$ cat entry31.csv   # CSV, C-alpha atoms
chain,number,residue,atom,x,y,z
A,730,MET,CA,-23.4,-23.1,28.2
A,731,CYS,CA,-20.2,-21.6,29.6
A,732,ALA,CA,-19.4,-18.4,31.5
A,733,ARG,CA,-15.8,-18.4,32.8
A,734,LEU,CA,-14.1,-15.7,34.9
A,735,ARG,CA,-10.5,-15.5,33.9
A,736,LYS,CA,-7.3,-14.0,35.2
A,737,ALA,CA,-5.8,-11.0,33.5
A,738,ASP,CA,-2.2,-12.2,33.3
A,739,ILE,CA,-2.8,-15.1,30.8
A,740,ASP,CA,-3.3,-15.4,27.0
A,741,GLY,CA,-6.8,-14.3,26.1
A,742,CYS,CA,-7.5,-17.7,24.5
A,743,ALA,CA,-5.8,-19.9,27.1
A,744,GLY,CA,-8.0,-22.9,28.0
A,745,THR,CA,-10.3,-22.6,25.0
A,746,VAL,CA,-10.0,-26.2,23.9
A,747,ASP,CA,-10.7,-27.4,27.5
A,748,GLU,CA,-14.0,-25.4,27.4
A,749,LEU,CA,-14.9,-26.4,23.9
A,750,ILE,CA,-14.7,-30.2,24.6
A,751,PRO,CA,-17.7,-30.3,27.1
A,752,ILE,CA,-19.7,-27.8,25.1
A,753,VAL,CA,-19.4,-29.7,21.8
A,754,ASN,CA,-20.1,-33.0,23.6
A,755,GLN,CA,-23.3,-31.6,25.1
A,756,ILE,CA,-24.5,-30.3,21.7
A,757,ARG,CA,-23.8,-33.6,20.0
A,758,GLN,CA,-25.5,-35.6,22.7
A,759,LYS,CA,-28.7,-33.6,22.0
A,760,TRP,CA,-28.3,-33.2,18.2
A,761,PRO,CA,-25.8,-35.8,16.9
A,762,LYS,CA,-25.9,-34.7,13.3
A,763,VAL,CA,-25.8,-31.0,13.7
A,764,LYS,CA,-22.9,-29.1,12.1
A,765,ILE,CA,-20.9,-27.0,14.6
A,766,LEU,CA,-19.0,-23.8,13.6
A,767,LEU,CA,-16.6,-21.9,15.8
A,768,ARG,CA,-16.5,-18.2,15.1
A,769,ALA,CA,-14.0,-15.9,16.9
A,770,ASP,CA,-11.7,-13.0,16.5
A,771,SER,CA,-8.0,-13.1,15.9
A,772,GLY,CA,-7.2,-13.5,19.5
A,773,PHE,CA,-8.3,-17.2,19.1
A,774,CYS,CA,-6.3,-17.9,16.0
A,775,ARG,CA,-4.0,-20.5,17.6
A,776,GLU,CA,-2.7,-23.8,16.3
A,777,ASP,CA,-4.1,-25.9,19.2
A,778,ILE,CA,-7.6,-24.5,18.6
A,779,LEU,CA,-7.5,-24.9,14.8
A,780,ALA,CA,-6.0,-28.4,15.0
A,781,TRP,CA,-8.6,-29.5,17.6
A,782,CYS,CA,-11.5,-28.3,15.4
A,783,GLU,CA,-10.1,-30.1,12.4
A,784,ALA,CA,-9.6,-33.3,14.4
A,785,ASN,CA,-13.1,-33.2,15.8
A,786,ASP,CA,-15.2,-32.2,12.8
A,787,VAL,CA,-15.8,-28.6,14.1
A,788,GLY,CA,-15.8,-25.9,11.4
A,789,TYR,CA,-14.2,-22.6,12.1
A,790,VAL,CA,-14.1,-19.0,10.8
A,791,ILE,CA,-11.6,-17.1,12.9
A,792,GLY,CA,-10.0,-13.7,12.4
A,793,LEU,CA,-6.3,-13.6,11.4
A,794,ALA,CA,-4.1,-10.7,12.4
A,795,LYS,CA,-2.5,-9.0,9.4
A,796,ASN,CA,1.2,-9.1,8.7
A,797,ALA,CA,3.7,-8.2,6.0
A,798,VAL,CA,3.3,-11.5,4.1
A,799,LEU,CA,-0.5,-11.3,4.1
A,800,LEU,CA,-0.4,-7.7,2.9
A,801,ARG,CA,1.9,-8.5,0.1
A,802,GLU,CA,-0.5,-11.2,-1.0
A,803,ILE,CA,-3.3,-8.7,-1.6
A,804,GLU,CA,-1.2,-5.7,-2.8
A,805,LYS,CA,-2.9,-5.7,-6.3
A,806,ASP,CA,-6.4,-6.2,-4.7
A,807,LEU,CA,-5.8,-3.2,-2.4
A,808,ALA,CA,-4.8,-1.1,-5.4
A,809,LYS,CA,-7.8,-2.3,-7.3
A,810,ALA,CA,-10.1,-1.3,-4.4
A,811,GLN,CA,-8.5,2.1,-4.1
A,812,LYS,CA,-8.8,2.8,-7.8
A,813,LYS,CA,-12.5,1.9,-7.7
A,814,PHE,CA,-13.0,4.0,-4.6
A,815,GLU,CA,-11.4,7.0,-6.3
A,816,LYS,CA,-13.7,6.5,-9.3
A,817,THR,CA,-17.0,6.1,-7.4
A,818,GLY,CA,-16.3,7.8,-4.0
A,819,LYS,CA,-17.9,4.8,-2.3
A,820,ALA,CA,-16.3,2.1,0.0
A,821,THR,CA,-15.1,-0.7,-2.1
A,822,ARG,CA,-14.3,-4.4,-1.2
A,823,VAL,CA,-12.4,-6.9,-3.2
A,824,PHE,CA,-12.1,-10.5,-1.8
A,825,LYS,CA,-9.3,-13.0,-2.4
A,826,ASP,CA,-9.0,-16.6,-1.5
A,827,PHE,CA,-5.6,-18.3,-1.0
A,828,GLN,CA,-3.7,-21.0,1.0
A,829,TYR,CA,-1.4,-19.7,3.8
A,830,SER,CA,0.7,-21.0,6.7
A,831,THR,CA,2.7,-19.1,9.3
A,832,LYS,CA,6.4,-19.6,9.4
A,833,ASP,CA,6.6,-21.7,12.6
A,834,SER,CA,3.3,-21.8,14.6
A,835,TRP,CA,1.0,-23.6,12.2
A,836,SER,CA,1.3,-27.2,11.3
A,837,ARG,CA,-0.2,-26.9,7.8
A,838,LYS,CA,-1.5,-24.6,5.2
A,839,ARG,CA,-5.1,-23.4,5.6
A,840,ARG,CA,-7.6,-21.5,3.6
A,841,VAL,CA,-7.4,-17.7,4.2
A,842,ILE,CA,-9.9,-15.2,3.0
A,843,ALA,CA,-8.7,-11.6,2.5
A,844,LYS,CA,-10.9,-8.5,2.3
A,845,ALA,CA,-9.1,-5.8,0.4
A,846,GLU,CA,-11.2,-2.7,1.3
A,847,HIS,CA,-10.7,1.0,0.7
A,848,LEU,CA,-12.7,3.5,2.7
A,849,GLU,CA,-12.7,7.3,2.9
A,850,LYS,CA,-10.1,7.0,5.7
A,851,GLY,CA,-7.9,4.8,3.6
A,852,SER,CA,-7.0,1.1,3.2
A,853,ASN,CA,-8.7,-1.4,5.5
A,854,PRO,CA,-7.5,-4.9,4.9
A,855,ARG,CA,-8.8,-7.8,7.0
A,856,PHE,CA,-8.2,-11.6,7.0
A,857,VAL,CA,-9.9,-14.7,8.3
A,858,VAL,CA,-8.9,-18.3,8.3
A,859,THR,CA,-11.5,-21.0,7.8
A,860,SER,CA,-11.9,-24.7,7.4
A,861,LEU,CA,-15.0,-24.3,5.2
A,862,PRO,CA,-14.1,-25.5,1.6
A,863,SER,CA,-14.3,-23.0,-1.2
A,864,ARG,CA,-16.7,-25.3,-3.1
A,865,GLN,CA,-19.2,-25.0,-0.2
A,866,MET,CA,-19.0,-21.2,0.4
A,867,GLY,CA,-17.5,-18.3,-1.4
A,868,ALA,CA,-15.1,-15.8,0.2
A,869,ARG,CA,-17.5,-12.9,0.3
A,870,TYR,CA,-20.3,-14.9,1.8
A,871,ILE,CA,-18.1,-16.4,4.5
A,872,TYR,CA,-16.7,-13.0,5.5
A,873,GLU,CA,-19.8,-10.8,5.3
A,874,ARG,CA,-22.5,-13.3,6.3
A,875,THR,CA,-20.7,-15.7,8.6
A,876,TYR,CA,-17.7,-13.9,10.2
A,877,CYS,CA,-19.2,-10.4,10.5
A,878,ALA,CA,-22.3,-11.8,12.2
A,879,ARG,CA,-20.0,-12.3,15.1
A,880,GLY,CA,-20.8,-8.7,16.0
A,881,ASN,CA,-24.3,-9.7,17.0
A,882,MET,CA,-22.8,-12.3,19.4
A,883,GLU,CA,-20.7,-9.6,20.9
A,884,ASN,CA,-23.8,-7.4,21.4
A,885,ARG,CA,-25.4,-10.2,23.4
A,886,ILE,CA,-22.3,-10.4,25.6
A,887,LYS,CA,-22.4,-6.6,26.2
A,888,GLU,CA,-26.1,-6.9,26.9
A,889,GLN,CA,-25.4,-9.3,29.7
A,890,GLN,CA,-22.6,-7.2,31.1
A,891,LEU,CA,-24.6,-3.9,31.1
A,892,GLY,CA,-28.1,-5.1,31.7
A,893,LEU,CA,-27.5,-8.0,34.0
A,894,PHE,CA,-24.3,-6.9,35.7
A,895,ALA,CA,-22.0,-9.7,34.5
A,896,ASP,CA,-19.0,-7.3,35.0
A,897,ARG,CA,-19.8,-6.7,38.7
A,898,THR,CA,-16.8,-8.6,40.0
A,899,SER,CA,-15.6,-6.5,42.9
A,900,THR,CA,-15.4,-9.1,45.7
A,901,ALA,CA,-12.1,-10.2,47.1
A,902,THR,CA,-11.9,-13.7,45.7
A,903,MET,CA,-12.1,-15.3,42.3
A,904,HIS,CA,-14.6,-17.9,43.5
A,905,ALA,CA,-17.0,-15.3,44.8
A,906,ASN,CA,-16.7,-13.3,41.6
A,907,GLN,CA,-17.3,-16.5,39.5
A,908,LEU,CA,-20.4,-17.1,41.5
A,909,ARG,CA,-21.7,-13.6,40.6
A,910,LEU,CA,-20.9,-14.3,37.0
A,911,TYR,CA,-23.0,-17.6,37.2
A,912,PHE,CA,-25.9,-15.7,38.7
A,913,SER,CA,-25.8,-13.2,35.9
A,914,SER,CA,-25.6,-16.0,33.3
A,915,VAL,CA,-28.6,-17.8,34.8
A,916,ALA,CA,-30.5,-14.5,34.8
A,917,TYR,CA,-29.7,-14.1,31.1
A,918,VAL,CA,-31.0,-17.6,30.3
A,919,LEU,CA,-34.2,-16.8,32.1
A,920,MET,CA,-34.5,-13.4,30.3
A,921,GLN,CA,-34.0,-15.2,27.0
A,922,ALA,CA,-36.8,-17.6,27.9
A,923,LEU,CA,-39.0,-14.7,28.9
A,924,ARG,CA,-38.3,-13.0,25.5
A,925,ARG,CA,-39.0,-16.2,23.6
A,926,SER,CA,-42.2,-17.3,25.4
A,927,GLY,CA,-43.6,-14.3,27.4
A,928,LEU,CA,-42.8,-11.4,25.1
A,929,LYS,CA,-43.9,-13.1,21.9
A,930,ASP,CA,-46.2,-10.9,19.8
A,931,THR,CA,-45.6,-7.8,22.0
A,932,LYS,CA,-43.8,-4.6,21.4
A,933,LEU,CA,-41.1,-5.8,23.7
A,934,ALA,CA,-40.4,-9.0,21.8
A,935,ASP,CA,-37.0,-7.8,20.7
A,936,ALA,CA,-36.2,-5.6,23.7
A,937,GLN,CA,-32.8,-5.8,25.4
A,938,CYS,CA,-32.5,-7.0,29.0
A,939,GLU,CA,-32.1,-3.5,30.4
A,940,THR,CA,-35.4,-2.4,28.7
A,941,ILE,CA,-37.3,-5.5,30.0
A,942,ARG,CA,-36.0,-4.8,33.5
A,943,LEU,CA,-37.1,-1.2,33.5
A,944,LYS,CA,-40.5,-1.6,31.8
A,945,LEU,CA,-41.7,-5.0,33.1
A,946,LEU,CA,-39.8,-6.1,36.1
A,947,LYS,CA,-38.5,-3.0,38.0
A,948,ILE,CA,-41.9,-1.4,38.6
A,949,GLY,CA,-43.8,-0.3,41.7
A,950,ALA,CA,-46.9,-2.1,42.9
A,951,GLN,CA,-48.9,-2.7,46.0
A,952,ILE,CA,-49.4,-6.3,47.1
A,953,GLN,CA,-52.1,-7.4,49.5
A,954,VAL,CA,-52.5,-10.9,50.8
A,955,THR,CA,-55.9,-12.0,52.0
A,956,VAL,CA,-57.3,-15.4,53.0
A,957,ARG,CA,-58.5,-16.3,49.5
A,958,ARG,CA,-56.2,-14.5,47.1
A,959,VAL,CA,-53.2,-12.2,46.6
A,960,TRP,CA,-54.0,-8.7,45.2
A,961,PHE,CA,-51.5,-7.1,42.9
A,962,ARG,CA,-52.3,-3.4,42.4
A,963,MET,CA,-50.3,-1.5,39.9
A,964,ALA,CA,-50.4,2.3,39.4
A,965,GLY,CA,-53.1,3.5,37.1
A,966,GLY,CA,-50.6,5.4,35.1
A,967,TYR,CA,-48.4,2.5,34.3
A,968,PRO,CA,-47.8,2.9,30.5
A,969,TYR,CA,-47.1,-0.7,29.7
A,970,LEU,CA,-50.1,-2.3,31.3
A,971,ASP,CA,-51.3,-3.9,28.0
A,972,ALA,CA,-47.8,-5.4,27.4
A,973,PHE,CA,-47.7,-6.7,31.0
A,974,ALA,CA,-51.1,-8.3,30.6
A,975,GLN,CA,-50.1,-10.0,27.3
A,976,VAL,CA,-46.9,-11.3,28.9
A,977,TYR,CA,-48.9,-12.8,31.8
A,978,THR,CA,-51.3,-14.4,29.3
A,979,ASN,CA,-48.5,-15.8,27.3
A,980,LEU,CA,-46.8,-17.3,30.3
A,981,GLN,CA,-50.0,-18.9,31.5
A,982,THR,CA,-50.4,-20.8,28.3
A,983,ILE,CA,-47.0,-22.5,28.6
A,984,PRO,CA,-47.6,-26.2,29.5
A,985,LEU,CA,-46.1,-27.3,32.8
A,986,ARG,CA,-43.5,-30.1,32.6
A,987,SER,CA,-43.8,-33.0,35.1

$ encode --input "entry31.csv" --output "structure tokens"
Amino acid sequence: MCARLRKADIDGCAGTVDELIPIVNQIRQKWPKVKILLRADSGFCREDILAWCEANDVGYVIGLAKNAVLLREIEKDLAKAQKKFEKTGKATRVFKDFQYSTKDSWSRKRRVIAKAEHLEKGSNPRFVVTSLPSRQMGARYIYERTYCARGNMENRIKEQQLGLFADRTSTATMHANQLRLYFSSVAYVLMQALRRSGLKDTKLADAQCETIRLKLLKIGAQIQVTVRRVWFRMAGGYPYLDAFAQVYTNLQTIPLRS
């Protein structure tokens, strides 16, 4: 819904609210009652973003950079996790839920979830701030099931960058590079549609873009055009012929929209 090329000399989250407004509006035009949740890393933990979400009924689970105040809040929990690790030899997590506000930048107190974790390499505390009420979701669930799922989102971004060349921005102007990013984004949307409809029930149903390109799209063939038909001749040794035929069949069954 949005792919924006940005300058390198600005805050990483600058302009986020301006991008959120049309995205949220589009979603609500299609699904008025749907619940929307913003999930992001600590680079997006800014007052203007949090306040906008709260004012527009958009939930959020956003990473929060650790500081001395937050670490003091979970000193006992870190010690508890370390003690359990020393006893079992296994990574240990203890979660804590509390209200917190920064000294100057936040306008109000907000719910913070802390993960006091001890690993073989040592202490590994992490924090997130969320608008989700404690009566609705527990601390562990929000951190492990909601916030950590952000990693899958980042994998999709990397997939577009590596498999569909979203990072190929080597032209001289921002406008030209933005156009390249748009082309890559359109290609990703088409690839998603191919996965959802064409690759259904095949071995490549969960394949990444790079794999689909190499095994289904970037293949050699001989094309002969005659008066009555177009002949498409593939190599007899092509190893994914069955999958290719299944994809073709799947695509043929999709009803055409007027």

$ closest_residue --input "entry31.csv" --among "A:Gln921, A:Thr898, A:Thr745, A:Gln953" --to "A:Ile941" --atoms "all atoms listed in the file"
A:Gln921

$ residues_near_point --input "entry31.csv" --point "(-42.9, -14.8, 25.3)" --cutoff "12 Å" --atoms "all atoms listed in the file" --output "MDAnalysis selection string"
chainID A and resid 919:936 941 972:983

$ closest_atom_pairs --input "entry31.csv" --of "stretch 819-886 of chain A" --to "stretch 759-772 of chain A" --cutoff "12 Å" --atoms "all atoms listed in the file" --output "JSON lines"
{"residue": "A:Arg855", "atom": "CA", "partner": "A:Ser771", "partner_atom": "CA", "distance": 10.4}
{"residue": "A:Phe856", "atom": "CA", "partner": "A:Ser771", "partner_atom": "CA", "distance": 9.0}
{"residue": "A:Val857", "atom": "CA", "partner": "A:Ser771", "partner_atom": "CA", "distance": 8.0}
{"residue": "A:Val858", "atom": "CA", "partner": "A:Ser771", "partner_atom": "CA", "distance": 9.3}
{"residue": "A:Thr859", "atom": "CA", "partner": "A:Arg768", "partner_atom": "CA", "distance": 9.3}
{"residue": "A:Ser860", "atom": "CA", "partner": "A:Leu766", "partner_atom": "CA", "distance": 9.5}
{"residue": "A:Leu861", "atom": "CA", "partner": "A:Leu766", "partner_atom": "CA", "distance": 9.3}
{"residue": "A:Ile871", "atom": "CA", "partner": "A:Arg768", "partner_atom": "CA", "distance": 10.9}
{"residue": "A:Tyr872", "atom": "CA", "partner": "A:Arg768", "partner_atom": "CA", "distance": 10.9}
{"residue": "A:Arg874", "atom": "CA", "partner": "A:Arg768", "partner_atom": "CA", "distance": 11.7}
{"residue": "A:Thr875", "atom": "CA", "partner": "A:Arg768", "partner_atom": "CA", "distance": 8.1}
{"residue": "A:Tyr876", "atom": "CA", "partner": "A:Arg768", "partner_atom": "CA", "distance": 6.6}
{"residue": "A:Cys877", "atom": "CA", "partner": "A:Arg768", "partner_atom": "CA", "distance": 9.4}
{"residue": "A:Ala878", "atom": "CA", "partner": "A:Arg768", "partner_atom": "CA", "distance": 9.1}
{"residue": "A:Arg879", "atom": "CA", "partner": "A:Arg768", "partner_atom": "CA", "distance": 6.9}
{"residue": "A:Gly880", "atom": "CA", "partner": "A:Ala769", "partner_atom": "CA", "distance": 9.9}
{"residue": "A:Asn881", "atom": "CA", "partner": "A:Arg768", "partner_atom": "CA", "distance": 11.7}
{"residue": "A:Met882", "atom": "CA", "partner": "A:Arg768", "partner_atom": "CA", "distance": 9.6}
{"residue": "A:Glu883", "atom": "CA", "partner": "A:Ala769", "partner_atom": "CA", "distance": 10.0}

$ atom_distance --input "entry31.csv" --atom1 "atom CA of A:Lys825" --atom2 "atom CA of A:Gly867"
9.8 Å

$ atom_distance --input "entry31.csv" --atom1 "atom CA of A:Gly965" --atom2 "atom CA of A:Ile952"
14.5 Å

$ residues_around --input "entry31.csv" --residues "A:Cys938" --least-positions-apart "3" --cutoff "8 Å" --atoms "only C-alpha atoms" --output "list in words"
Glu888, Gln889, Gly892, Leu893, Tyr917, Met920, Ile941 and Arg942 of chain A

$ atom_distance --input "entry31.csv" --atom1 "atom CA of A:Lys838" --atom2 "atom CA of A:Ile739"
27.3 Å

$ closest_residue --input "entry31.csv" --among "A:Arg869, A:Leu807, A:Thr900, A:Ile886" --to "A:Ala845" --atoms "all atoms listed in the file"
A:Leu807

$ residues_around --input "entry31.csv" --residues "A:Val746" --least-positions-apart "2" --cutoff "9 Å" --atoms "all atoms listed in the file" --output "PyMOL selection string"
chain A and resi 742-744+748-750+777-778+781-782

$ residues_around --input "entry31.csv" --residues "A:Arg962" --least-positions-apart "5" --cutoff "12 Å" --atoms "all atoms listed in the file" --output "list in words"
Ile948, Gly949, Ala950, Gln951, Ile952, Gln953, Val954, Tyr967 and Leu970 of chain A

$ closest_residue --input "entry31.csv" --among "A:Lys795, A:Lys812, A:Arg735, A:Arg775" --to "A:Pro854" --atoms "only C-alpha atoms"
A:Lys795

$ closest_residue --input "entry31.csv" --among "A:Lys832, A:His847, A:Arg840, A:Arg885" --to "A:Ala820" --atoms "all atoms listed in the file"
A:His847

$ closest_residue --input "entry31.csv" --among "A:Arg801, A:Arg757, A:Lys813, A:Arg822" --to "A:Asp786" --atoms "only C-alpha atoms"
A:Arg757

$ closest_residue --input "entry31.csv" --among "A:Asp747, A:Asp740, A:Glu783, A:Glu849" --to "A:Thr817" --atoms "all atoms listed in the file"
A:Glu849

$ residues_around --input "entry31.csv" --residues "A:Ala895" --least-positions-apart "6" --cutoff "8 Å" --atoms "all atoms listed in the file" --output "VMD selection string"
chain A and resid 889 909 to 910 913 to 914
